[in-house]
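Here's entry-v8.pdb, which has PDB, C-alpha atoms and all ligand atoms:
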```pdb
ATOM      1  CA  MET A 107      35.768 -19.917  93.609
ATOM      2  CA  GLU A 108      35.430 -16.183  94.198
ATOM      3  CA  VAL A 109      36.754 -13.869  91.493
ATOM      4  CA  LYS A 110      37.249 -10.107  91.706
ATOM      5  CA  ILE A 111      36.047  -8.838  88.354
ATOM      6  CA  ALA A 112      36.072  -5.038  88.462
ATOM      7  CA  ALA A 113      35.620  -1.896  90.475
ATOM      8  CA  LEU A 114      31.923  -1.082  90.726
ATOM      9  CA  ASP A 115      32.568   2.332  89.178
ATOM     10  CA  ASP A 116      34.150   0.692  86.125
ATOM     11  CA  LEU A 117      30.953  -1.205  85.267
ATOM     12  CA  PRO A 118      28.520   0.686  83.044
ATOM     13  CA  ASP A 119      25.266   1.453  84.821
ATOM     14  CA  GLY A 120      22.178   0.055  83.104
ATOM     15  CA  ARG A 121      23.732  -2.319  80.619
ATOM     16  CA  GLY A 122      25.583  -5.594  80.578
ATOM     17  CA  VAL A 123      29.165  -6.699  80.178
ATOM     18  CA  LYS A 124      30.421 -10.163  79.422
ATOM     19  CA  VAL A 125      32.954 -11.670  81.810
ATOM     20  CA  GLU A 126      34.784 -14.941  81.265
ATOM     21  CA  VAL A 127      35.937 -16.974  84.239
ATOM     22  CA  GLY A 128      37.820 -19.927  82.833
ATOM     23  CA  GLU A 129      35.395 -21.515  80.351
ATOM     24  CA  VAL A 130      32.323 -19.920  81.932
ATOM     25  CA  GLU A 131      30.737 -16.936  80.152
ATOM     26  CA  ILE A 132      28.822 -14.669  82.490
ATOM     27  CA  ALA A 133      26.630 -11.635  81.814
ATOM     28  CA  VAL A 134      27.111  -9.012  84.522
ATOM     29  CA  PHE A 135      24.640  -6.176  84.945
ATOM     30  CA  ARG A 136      25.063  -3.138  87.153
ATOM     31  CA  ILE A 137      21.868  -1.410  88.163
ATOM     32  CA  GLY A 138      22.853   1.529  90.328
ATOM     33  CA  ASP A 139      24.705   0.102  93.313
ATOM     34  CA  GLU A 140      23.445  -3.421  92.688
ATOM     35  CA  VAL A 141      25.063  -6.030  90.465
ATOM     36  CA  ARG A 142      23.501  -9.206  89.045
ATOM     37  CA  ALA A 143      25.182 -12.033  87.162
ATOM     38  CA  ILE A 144      23.636 -14.757  85.001
ATOM     39  CA  GLY A 145      24.897 -17.121  82.336
ATOM     40  CA  ASP A 146      25.698 -15.159  79.195
ATOM     41  CA  ARG A 147      24.349 -17.712  76.706
ATOM     42  CA  CYS A 148      20.598 -17.602  76.185
ATOM     43  CA  SER A 149      19.012 -21.002  76.824
ATOM     44  CA  HIS A 150      17.092 -20.780  73.528
ATOM     45  CA  ALA A 151      19.720 -20.264  70.816
ATOM     46  CA  LYS A 152      22.798 -19.065  72.669
ATOM     47  CA  ALA A 153      22.650 -15.323  71.973
ATOM     48  CA  SER A 154      24.761 -13.210  74.308
ATOM     49  CA  LEU A 155      22.486 -11.913  77.056
ATOM     50  CA  SER A 156      25.048  -9.291  78.083
ATOM     51  CA  GLU A 157      24.097  -7.519  74.837
ATOM     52  CA  GLY A 158      20.427  -7.380  75.783
ATOM     53  CA  GLU A 159      18.544  -4.405  77.132
ATOM     54  CA  ILE A 160      17.644  -4.374  80.797
ATOM     55  CA  TRP A 161      14.668  -2.930  82.543
ATOM     56  CA  ASP A 162      12.768  -3.640  85.714
ATOM     57  CA  GLY A 163      14.973  -6.515  86.845
ATOM     58  CA  GLU A 164      14.930  -8.323  83.503
ATOM     59  CA  VAL A 165      17.176  -8.605  80.472
ATOM     60  CA  GLU A 166      15.695  -9.068  77.021
ATOM     61  CA  CYS A 167      17.525 -11.535  74.796
ATOM     62  CA  PRO A 168      18.842  -9.545  71.822
ATOM     63  CA  ARG A 169      18.039 -12.298  69.302
ATOM     64  CA  HIS A 170      14.421 -13.401  69.830
ATOM     65  CA  GLY A 171      13.343 -11.301  72.764
ATOM     66  CA  SER A 172      12.795 -13.685  75.661
ATOM     67  CA  PRO A 173      13.066 -11.789  78.932
ATOM     68  CA  PHE A 174      15.092 -13.370  81.758
ATOM     69  CA  ASP A 175      14.766 -12.550  85.445
ATOM     70  CA  LEU A 176      18.128 -11.261  86.679
ATOM     71  CA  VAL A 177      17.594 -12.730  90.162
ATOM     72  CA  THR A 178      16.355 -16.221  89.302
ATOM     73  CA  GLY A 179      17.604 -16.719  85.727
ATOM     74  CA  GLU A 180      14.124 -17.904  84.738
ATOM     75  CA  PRO A 181      12.724 -17.005  81.310
ATOM     76  CA  LEU A 182       9.605 -14.861  81.646
ATOM     77  CA  GLY A 183       8.426 -15.272  78.065
ATOM     78  CA  LEU A 184       8.847 -17.389  74.953
ATOM     79  CA  PRO A 185      10.654 -18.647  72.974
ATOM     80  CA  ALA A 186      13.104 -19.566  75.767
ATOM     81  CA  THR A 187      11.713 -22.112  78.236
ATOM     82  CA  SER A 188      14.768 -23.054  80.320
ATOM     83  CA  PRO A 189      16.532 -20.934  82.915
ATOM     84  CA  VAL A 190      20.098 -19.718  82.675
ATOM     85  CA  PRO A 191      22.456 -20.112  85.649
ATOM     86  CA  VAL A 192      22.684 -17.411  88.293
ATOM     87  CA  PHE A 193      25.966 -16.473  89.944
ATOM     88  CA  PRO A 194      26.294 -14.938  93.406
ATOM     89  CA  VAL A 195      27.702 -11.417  93.349
ATOM     90  CA  GLU A 196      28.970  -9.307  96.197
ATOM     91  CA  VAL A 197      30.143  -5.712  96.247
ATOM     92  CA  ARG A 198      32.791  -5.070  98.907
ATOM     93  CA  ASP A 199      34.842  -1.919  99.358
ATOM     94  CA  GLY A 200      33.881  -0.745  95.889
ATOM     95  CA  TYR A 201      34.856  -3.951  94.093
ATOM     96  CA  VAL A 202      32.647  -6.608  92.538
ATOM     97  CA  TYR A 203      33.212 -10.280  93.361
ATOM     98  CA  LEU A 204      31.626 -13.204  91.517
ATOM     99  CA  THR A 205      31.357 -16.716  92.877
ATOM    100  CA  VAL A 206      31.680 -19.389  90.211
ATOM    101  CA  ALA A 207      31.444 -23.078  91.104
ATOM    102  CA  GLU A 208      34.102 -25.365  89.666
ATOM    103  CA  ASP A 209      31.381 -27.325  87.853
ATOM    104  CA  SER A 210      29.444 -24.319  86.534
ATOM    105  CA  PRO A 211      27.737 -24.876  83.203
TER     106      PRO A 211
HETATM  107  S1  LIG B 301      18.396 -16.802  71.391
HETATM  108 FE1  LIG B 301      17.482 -15.895  73.119
HETATM  109  S2  LIG B 301      15.347 -16.032  72.770
HETATM  110 FE2  LIG B 301      16.275 -16.992  71.062
END
```

Translate the structure of the given file into structure tokens.
Amino acid sequence: MEVKIAALDDLPDGRGVKVEVGEVEIAVFRIGDEVRAIGDRCSHAKASLSEGEIWDGEVECPRHGSPFDLVTGEPLGLPATSPVPVFPVEVRDGYVYLTVAEDSP
């Protein structure tokens, strides 16, 4: 299911926002004209990744500091060892669209 979440210009550049699509919590990050989306709940102890700091294509979990790759969802350092889901994002005509599967975690 594709969901229009916001105008690109309404997303803050360089930090995350949390978006809820049904029961699914998603961390959305705008980096310039690009947008990435991963599961909002850290795979270690469920901190909100949308509140983490981003740099160089990664977000740092605000609770214990594991970095997650914004393209693959993979943790790049401990204590997290499991990936978070990644959601396809498309920017069209200035609006941001997320694709969320019906069975998304
Ligand atoms: S809750 Fe994210 S690293 Fe612990």

Residue members of the PyMOL selection byres (((not hetatm)) within 10 of (chain B and resi 301)) in the file shown, as a PDB file with C-alpha atoms, in the frame of the given file:
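As a result, selection.pdb now contains:
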```pdb
ATOM      1  CA  ARG A 147      24.349 -17.712  76.706  1.00  0.00           C
ATOM      2  CA  CYS A 148      20.598 -17.602  76.185  1.00  0.00           C
ATOM      3  CA  SER A 149      19.012 -21.002  76.824  1.00  0.00           C
ATOM      4  CA  HIS A 150      17.092 -20.780  73.528  1.00  0.00           C
ATOM      5  CA  ALA A 151      19.720 -20.264  70.816  1.00  0.00           C
ATOM      6  CA  LYS A 152      22.798 -19.065  72.669  1.00  0.00           C
ATOM      7  CA  ALA A 153      22.650 -15.323  71.973  1.00  0.00           C
ATOM      8  CA  SER A 154      24.761 -13.210  74.308  1.00  0.00           C
ATOM      9  CA  LEU A 155      22.486 -11.913  77.056  1.00  0.00           C
ATOM     10  CA  GLY A 158      20.427  -7.380  75.783  1.00  0.00           C
ATOM     11  CA  GLU A 166      15.695  -9.068  77.021  1.00  0.00           C
ATOM     12  CA  CYS A 167      17.525 -11.535  74.796  1.00  0.00           C
ATOM     13  CA  PRO A 168      18.842  -9.545  71.822  1.00  0.00           C
ATOM     14  CA  ARG A 169      18.039 -12.298  69.302  1.00  0.00           C
ATOM     15  CA  HIS A 170      14.421 -13.401  69.830  1.00  0.00           C
ATOM     16  CA  GLY A 171      13.343 -11.301  72.764  1.00  0.00           C
ATOM     17  CA  SER A 172      12.795 -13.685  75.661  1.00  0.00           C
ATOM     18  CA  PRO A 173      13.066 -11.789  78.932  1.00  0.00           C
ATOM     19  CA  PHE A 174      15.092 -13.370  81.758  1.00  0.00           C
ATOM     20  CA  PRO A 181      12.724 -17.005  81.310  1.00  0.00           C
ATOM     21  CA  GLY A 183       8.426 -15.272  78.065  1.00  0.00           C
ATOM     22  CA  LEU A 184       8.847 -17.389  74.953  1.00  0.00           C
ATOM     23  CA  PRO A 185      10.654 -18.647  72.974  1.00  0.00           C
ATOM     24  CA  ALA A 186      13.104 -19.566  75.767  1.00  0.00           C
ATOM     25  CA  THR A 187      11.713 -22.112  78.236  1.00  0.00           C
TER      26      THR A 187
END
```

Next on the checklist: Please compute the CA of Gly145 (chain A)-CA of Phe193 (chain A) distance, one decimal, in Å.
Outcome noted: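 So the answer is 7.7 Å.
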
Item to check | Residues within 8 Å of (19.7, 5.5, 87.2), counting all atoms listed in the file, listed as an MDAnalysis selection string | outcome: chainID A and resid 119:120 137:138

Item to check | Expansion of the PyMOL selection byres (((chain A and resi 197) around 10) and not hetatm) into residues, as a list in words | outcome: Lys110, Ala112, Ala113, Leu114, Asp139, Glu140, Val141, Val195, Glu196, Arg198, Asp199, Gly200, Tyr201, Val202, Tyr203 and Leu204 of chain A

Checklist entry - Mind pulling up the distance from CA of Glu108 (chain A) to CA of Thr205 (chain A)? => result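 Rounded to one decimal, the two atoms are 4.3 Å apart.
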
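Using all atoms listed in the file, the nearest neighbour of Ile144 (chain A) within the list A:Asp209, A:Glu164, A:Glu129, A:Asp115 is A:Glu164.
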
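Straight-line separation from CA of Val109 (chain A) to CA of Gly122 (chain A): 17.7 Å.
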
Could you expand the PyMOL selection byres (((chain A and resi 123) around 10) and not hetatm) into the explicit residues it covers here, written as a PDB file with C-alpha atoms, keeping the file's coordinate frame?
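Saved as expr.pdb:
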```pdb
ATOM      1  CA  LEU A 117      30.953  -1.205  85.267  1.00  0.00           C
ATOM      2  CA  PRO A 118      28.520   0.686  83.044  1.00  0.00           C
ATOM      3  CA  ARG A 121      23.732  -2.319  80.619  1.00  0.00           C
ATOM      4  CA  GLY A 122      25.583  -5.594  80.578  1.00  0.00           C
ATOM      5  CA  LYS A 124      30.421 -10.163  79.422  1.00  0.00           C
ATOM      6  CA  VAL A 125      32.954 -11.670  81.810  1.00  0.00           C
ATOM      7  CA  ILE A 132      28.822 -14.669  82.490  1.00  0.00           C
ATOM      8  CA  ALA A 133      26.630 -11.635  81.814  1.00  0.00           C
ATOM      9  CA  VAL A 134      27.111  -9.012  84.522  1.00  0.00           C
ATOM     10  CA  PHE A 135      24.640  -6.176  84.945  1.00  0.00           C
ATOM     11  CA  ARG A 136      25.063  -3.138  87.153  1.00  0.00           C
ATOM     12  CA  ALA A 143      25.182 -12.033  87.162  1.00  0.00           C
ATOM     13  CA  ASP A 146      25.698 -15.159  79.195  1.00  0.00           C
ATOM     14  CA  SER A 154      24.761 -13.210  74.308  1.00  0.00           C
ATOM     15  CA  LEU A 155      22.486 -11.913  77.056  1.00  0.00           C
ATOM     16  CA  SER A 156      25.048  -9.291  78.083  1.00  0.00           C
ATOM     17  CA  GLU A 157      24.097  -7.519  74.837  1.00  0.00           C
ATOM     18  CA  GLY A 158      20.427  -7.380  75.783  1.00  0.00           C
TER      19      GLY A 158
END
```

Item to check | Spatial neighbours of Gly179 (chain A), max dist 6 Å, all atoms listed in the file, sep filter under 6 positions, as a list in words | outcome: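 After dropping sequence-adjacent residues, the list is Pro189, Val190, Pro191 and Val192 of chain A.
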
Tell me, as a PDB file with C-alpha atoms, keeping the file's coordinate frame, which residues lie within 10 Å of Asp162 (chain A), counting all atoms listed in the file; anything in the same chain fewer than 3 positions away does not count.
```
ATOM      1  CA  ILE A 137      21.868  -1.410  88.163  1.00  0.00           C
ATOM      2  CA  VAL A 165      17.176  -8.605  80.472  1.00  0.00           C
ATOM      3  CA  ASP A 175      14.766 -12.550  85.445  1.00  0.00           C
ATOM      4  CA  LEU A 176      18.128 -11.261  86.679  1.00  0.00           C
TER       5      LEU A 176
END
```
